[in-house]
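Q: Quick one: the structure is below, and I'll ask about it shortly.
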Amino acid sequence: MNWVIKENVDNEFVSTLSKELNISPILSSMLIKRDIKTFDQAKTFFRPNFEMLHDPFLMKDMSIAVERIQKAVEKKESIMIFGDYDVDGTSSVALLSLYLESLGLCVTKYLPDRKNEGYGISINAIDNALKKKQKLIIALDCGIKAHKQVEYAKKKGIEFIICDHHNPEKNIPKALAVLNPKRKDCGYPYKELCGCGVGFKLVQAIESRHSNDNQIINYLDLVALAIAADVVPLTGENRVLAFIGLQIINSNPKLGIHCLLKKNIKKEYTISDLMYYVGPRINAAGRIKHASLALELLMCNEINSAEKLALEIDELNTSRREIEKDITNQAIDQVENSSKKLNSIVVFDSDWNKGVIGIVASRLVDKYYKPSIVFCESSEGFLTASARSIKGLDLYSVISQCKEYIDQFGGHKYAAGLTIKKENLEGFKKRFENIVSQTIDNNVFEQELLIESKINLSEITPKFFRILKQFEPFGPGNKSPVFLSENLQIKGKPLELGKEKEHIKLNLTQDNKNSYSSIGFWFSNKFNNLENKENFSAVFNIDENNWKDRSSIQLKLKDLK
């Protein structure tokens, strides 16, 4: 990895802010790098609260959406809530359904089948609403490109409210209301909400017109889960929503979330725990069976039922991991057996499971650090793919230049999905490789490790760590800081961990003054290849190790040199 230290900030700024806040220069420089330069800005950053959220009516079409839903409540209409089958969509449907049901509204929940219906609003769902004589569908975490579906529904006398956060095209669907902060004609101040975040803004707006004192803050555990799983920036309003949502998760979460976290008992759960532990399990339901299982769990209010559902979903996740591992190994074999040295990876097998190809594409990027596309057969004559990219390559732009081979595609800079005819695969592969090769230079293939600051081990004090924790929640836009320490030595004997001794645990010291326990996952080779084990450098996150009711500072290694 290429180690890159973030640009230094003005020393005078650092010194002033350090004195005002009574914190170390390293911490004040971290604030300044996050564009926090005054005492008041720091107070807002460290103490997010509900009052900091923007007025939901600043979002285009919000008044129209609220009025239509109020009409449904007054007339006791039956409506459909439609959502995507991933964590963001499932959480959105759970949140809005729970809230509207609390207002006495009769709600039908609809999540499409990943394999048979695919992403987005389905005609099947509209027909389902028609049979039930429902005149309103609220779509969550999808719909911004559903022109044909909205027109079809309109002809059948069904209105749509769309709540989405994906990038819109030039024209938006002619729905009754389209809530999306990324609309060019939308003046909403914060643009990076996830789908569940947009759904919550709708709830916030409806609640402002009611006087039933519904505690909508208690729905923010679902929003925090969606923020973590959808990997949206943890800045601005997302930071506030995630901060409060984590407080609820650590005090009184939904039963379903509680049951999924129970096997991973911790003193305090973070965004990372939601991202790596809860999110994959929720997704596994839709990947292997049906997302309705996860929705049922998130809305469950009876402990025995919740525990049974959590157990079933956990088993589906185990199955998902086995399928994913098998397909990843097959994909790696295809790459290794190829005689051509390419700048991109495109692999295909007709038998691969559609539900896990996105994860496999990510695994290939992790291993080879090249833009990767994984195809499987979706229906007779058609292939479906998930694509993942690397820093410095706009995947959406590259794929859009291969349009002559593509039937359908969508996505963004780093991830996309596409459908092609089987006979177009070879032509697509050649075209994709050519565009990738023309677009990038070889420096793109070198992974960068962005370092927050150099630090001496003596500077990692309990006070330093206590304030560092207040920078959480960490995620995109506010990443967990990586620090660099130089001239390190090992105190005592390194400990090898894991079934195959693939992890290492070291006590690192600097000038024999301070020593800290450090752990490196999958680090055995890095450590064995380290030429000088007397004076070396390490980059790491500063973490916490909890063991038998005891907490201690632990360094989580990222790289050694």
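Chain labels A, B, ... are given in the sequence in which chains occur in the structure tokens; within each chain residues are numbered consecutively from 1, and ligands are likewise numbered from 1 in the order shown.
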Leaving out range 63-68 of chain A and any residue of its chain fewer than 5 positions from it, which residues lie within 7 Å of it when counting only C-alpha atoms, given as a PyMOL selection string?

A: chain A and resi 57+161+177+205-206

Q: Give me the residues within 8 Å of range 272-284 of chain A as a PyMOL selection string, counting only C-alpha atoms and dropping any in the same chain fewer than 6 places off.

A: chain A and resi 85-87+225+228-229+257+260-261+291+294+313-314+316-317+320+474

Q: For N, CA and C atoms, I'd like the residues from the last selection saved as an mmCIF file, in the first residue's frame.

A:
data_model
loop_
_atom_site.group_PDB
_atom_site.id
_atom_site.type_symbol
_atom_site.label_atom_id
_atom_site.label_comp_id
_atom_site.auth_asym_id
_atom_site.auth_seq_id
_atom_site.Cartn_x
_atom_site.Cartn_y
_atom_site.Cartn_z
ATOM 1 N N TYR A 85 -35.312 -4.669 -1.797
ATOM 2 C CA TYR A 85 -35.086 -5.856 -0.966
ATOM 3 C C TYR A 85 -33.784 -5.811 -0.169
ATOM 4 N N ASP A 86 -33.027 -4.700 -0.232
ATOM 5 C CA ASP A 86 -31.793 -4.627 0.554
ATOM 6 C C ASP A 86 -32.081 -4.036 1.935
ATOM 7 N N VAL A 87 -31.033 -3.817 2.737
ATOM 8 C CA VAL A 87 -31.218 -3.324 4.114
ATOM 9 C C VAL A 87 -31.905 -1.965 4.134
ATOM 10 N N LEU A 225 -29.315 1.766 11.018
ATOM 11 C CA LEU A 225 -29.010 0.497 10.355
ATOM 12 C C LEU A 225 -28.887 0.702 8.849
ATOM 13 N N ALA A 228 -25.716 2.683 7.894
ATOM 14 C CA ALA A 228 -24.524 1.823 7.957
ATOM 15 C C ALA A 228 -24.441 0.906 6.745
ATOM 16 N N ALA A 229 -25.552 0.246 6.423
ATOM 17 C CA ALA A 229 -25.538 -0.750 5.348
ATOM 18 C C ALA A 229 -25.405 -0.124 3.969
ATOM 19 N N ILE A 257 -33.540 -6.147 15.794
ATOM 20 C CA ILE A 257 -32.140 -5.719 15.825
ATOM 21 C C ILE A 257 -31.466 -6.297 17.064
ATOM 22 N N LEU A 260 -30.582 -9.948 16.547
ATOM 23 C CA LEU A 260 -29.453 -10.151 15.635
ATOM 24 C C LEU A 260 -28.116 -9.778 16.288
ATOM 25 N N LEU A 261 -28.162 -8.868 17.245
ATOM 26 C CA LEU A 261 -26.930 -8.437 17.926
ATOM 27 C C LEU A 261 -26.578 -9.320 19.121
ATOM 28 N N ALA A 291 -36.821 -11.272 1.100
ATOM 29 C CA ALA A 291 -36.600 -10.158 2.027
ATOM 30 C C ALA A 291 -37.737 -9.970 3.019
ATOM 31 N N ALA A 294 -36.839 -10.725 6.607
ATOM 32 C CA ALA A 294 -36.126 -9.664 7.333
ATOM 33 C C ALA A 294 -37.090 -8.570 7.758
ATOM 34 N N ILE A 313 -32.695 -16.375 9.939
ATOM 35 C CA ILE A 313 -31.916 -15.443 9.121
ATOM 36 C C ILE A 313 -30.417 -15.675 9.312
ATOM 37 N N ASP A 314 -30.020 -15.997 10.532
ATOM 38 C CA ASP A 314 -28.607 -16.306 10.800
ATOM 39 C C ASP A 314 -28.170 -17.544 10.009
ATOM 40 N N LEU A 316 -29.554 -18.553 7.185
ATOM 41 C CA LEU A 316 -29.502 -18.134 5.780
ATOM 42 C C LEU A 316 -28.196 -17.407 5.490
ATOM 43 N N ASN A 317 -27.727 -16.626 6.466
ATOM 44 C CA ASN A 317 -26.464 -15.908 6.288
ATOM 45 C C ASN A 317 -25.286 -16.878 6.219
ATOM 46 N N ARG A 320 -25.436 -18.235 2.850
ATOM 47 C CA ARG A 320 -24.959 -17.205 1.914
ATOM 48 C C ARG A 320 -23.449 -17.150 1.871
ATOM 49 N N PHE A 474 -18.104 6.748 12.905
ATOM 50 C CA PHE A 474 -17.178 6.794 11.776
ATOM 51 C C PHE A 474 -17.793 6.125 10.559
#

Q: May I have all residues of range 41-230 of chain A that DSSP, computed from the backbone, assigns to strand (DSSP E), given as a PDB file with N, CA and C atoms, in the first residue's frame?

A:
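Saved file result_36.pdb follows:
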ATOM      1  N   SER A  78     -56.789   1.703   2.491  1.00  0.00           N
ATOM      2  CA  SER A  78     -55.743   0.685   2.507  1.00  0.00           C
ATOM      3  C   SER A  78     -54.726   1.093   1.453  1.00  0.00           C
ATOM      4  N   ILE A  79     -53.440   1.158   1.816  1.00  0.00           N
ATOM      5  CA  ILE A  79     -52.396   1.574   0.869  1.00  0.00           C
ATOM      6  C   ILE A  79     -51.284   0.519   0.825  1.00  0.00           C
ATOM      7  N   MET A  80     -50.449   0.603  -0.215  1.00  0.00           N
ATOM      8  CA  MET A  80     -49.301  -0.298  -0.332  1.00  0.00           C
ATOM      9  C   MET A  80     -48.008   0.474  -0.086  1.00  0.00           C
ATOM     10  N   ILE A  81     -47.123  -0.140   0.690  1.00  0.00           N
ATOM     11  CA  ILE A  81     -45.772   0.413   0.861  1.00  0.00           C
ATOM     12  C   ILE A  81     -44.805  -0.555   0.192  1.00  0.00           C
ATOM     13  N   PHE A  82     -44.108  -0.050  -0.812  1.00  0.00           N
ATOM     14  CA  PHE A  82     -43.208  -0.867  -1.632  1.00  0.00           C
ATOM     15  C   PHE A  82     -41.766  -0.458  -1.336  1.00  0.00           C
ATOM     16  N   GLY A  83     -40.870  -1.436  -1.182  1.00  0.00           N
ATOM     17  CA  GLY A  83     -39.472  -1.093  -0.925  1.00  0.00           C
ATOM     18  C   GLY A  83     -38.508  -2.053  -1.577  1.00  0.00           C
ATOM     19  N   CYS A 106     -54.371   1.170   7.275  1.00  0.00           N
ATOM     20  CA  CYS A 106     -54.217  -0.238   6.864  1.00  0.00           C
ATOM     21  C   CYS A 106     -53.146  -0.290   5.775  1.00  0.00           C
ATOM     22  N   VAL A 107     -52.096  -1.043   6.035  1.00  0.00           N
ATOM     23  CA  VAL A 107     -50.923  -1.037   5.161  1.00  0.00           C
ATOM     24  C   VAL A 107     -50.599  -2.442   4.657  1.00  0.00           C
ATOM     25  N   THR A 108     -50.366  -2.559   3.335  1.00  0.00           N
ATOM     26  CA  THR A 108     -49.833  -3.785   2.745  1.00  0.00           C
ATOM     27  C   THR A 108     -48.359  -3.546   2.431  1.00  0.00           C
ATOM     28  N   LYS A 109     -47.509  -4.460   2.885  1.00  0.00           N
ATOM     29  CA  LYS A 109     -46.069  -4.325   2.624  1.00  0.00           C
ATOM     30  C   LYS A 109     -45.675  -5.190   1.426  1.00  0.00           C
ATOM     31  N   TYR A 110     -44.869  -4.629   0.530  1.00  0.00           N
ATOM     32  CA  TYR A 110     -44.457  -5.399  -0.658  1.00  0.00           C
ATOM     33  C   TYR A 110     -42.963  -5.195  -0.921  1.00  0.00           C
ATOM     34  N   LEU A 136     -53.201   4.062  -3.583  1.00  0.00           N
ATOM     35  CA  LEU A 136     -51.935   4.763  -3.312  1.00  0.00           C
ATOM     36  C   LEU A 136     -50.820   3.754  -3.021  1.00  0.00           C
ATOM     37  N   ILE A 137     -49.673   3.953  -3.685  1.00  0.00           N
ATOM     38  CA  ILE A 137     -48.464   3.179  -3.398  1.00  0.00           C
ATOM     39  C   ILE A 137     -47.361   4.164  -3.014  1.00  0.00           C
ATOM     40  N   ILE A 138     -46.703   3.887  -1.896  1.00  0.00           N
ATOM     41  CA  ILE A 138     -45.524   4.670  -1.504  1.00  0.00           C
ATOM     42  C   ILE A 138     -44.310   3.788  -1.755  1.00  0.00           C
ATOM     43  N   ALA A 139     -43.426   4.241  -2.636  1.00  0.00           N
ATOM     44  CA  ALA A 139     -42.219   3.480  -2.981  1.00  0.00           C
ATOM     45  C   ALA A 139     -41.030   4.056  -2.235  1.00  0.00           C
ATOM     46  N   LEU A 140     -40.239   3.173  -1.621  1.00  0.00           N
ATOM     47  CA  LEU A 140     -39.103   3.594  -0.793  1.00  0.00           C
ATOM     48  C   LEU A 140     -37.796   3.007  -1.319  1.00  0.00           C
ATOM     49  N   GLU A 159     -52.161   6.131  -7.554  1.00  0.00           N
ATOM     50  CA  GLU A 159     -51.191   7.220  -7.406  1.00  0.00           C
ATOM     51  C   GLU A 159     -49.913   6.709  -6.743  1.00  0.00           C
ATOM     52  N   PHE A 160     -48.798   7.379  -7.049  1.00  0.00           N
ATOM     53  CA  PHE A 160     -47.495   7.016  -6.477  1.00  0.00           C
ATOM     54  C   PHE A 160     -46.896   8.182  -5.700  1.00  0.00           C
ATOM     55  N   ILE A 161     -46.349   7.863  -4.522  1.00  0.00           N
ATOM     56  CA  ILE A 161     -45.422   8.773  -3.825  1.00  0.00           C
ATOM     57  C   ILE A 161     -44.080   8.043  -3.826  1.00  0.00           C
ATOM     58  N   ILE A 162     -43.073   8.656  -4.409  1.00  0.00           N
ATOM     59  CA  ILE A 162     -41.746   8.034  -4.510  1.00  0.00           C
ATOM     60  C   ILE A 162     -40.798   8.697  -3.512  1.00  0.00           C
ATOM     61  N   CYS A 163     -40.148   7.882  -2.685  1.00  0.00           N
ATOM     62  CA  CYS A 163     -39.122   8.359  -1.744  1.00  0.00           C
ATOM     63  C   CYS A 163     -37.813   7.675  -2.137  1.00  0.00           C
ATOM     64  N   ALA A 177     -46.038  12.637  -6.074  1.00  0.00           N
ATOM     65  CA  ALA A 177     -44.951  13.322  -5.359  1.00  0.00           C
ATOM     66  C   ALA A 177     -43.678  12.504  -5.498  1.00  0.00           C
ATOM     67  N   VAL A 178     -42.574  13.189  -5.712  1.00  0.00           N
ATOM     68  CA  VAL A 178     -41.267  12.528  -5.792  1.00  0.00           C
ATOM     69  C   VAL A 178     -40.352  13.205  -4.779  1.00  0.00           C
ATOM     70  N   LEU A 179     -40.085  12.505  -3.665  1.00  0.00           N
ATOM     71  CA  LEU A 179     -39.196  13.032  -2.624  1.00  0.00           C
ATOM     72  C   LEU A 179     -37.799  12.494  -2.878  1.00  0.00           C
TER      73      LEU A 179
END

Q: Skip range 517-523 of chain A itself and residues of its chain fewer than 3 positions away, then list as an NGL selection string all residues within 12 Å of it, counting only C-alpha atoms.

A: :A and (457 or 490-509 or 514 or 526-530 or 538-545 or 552-560)
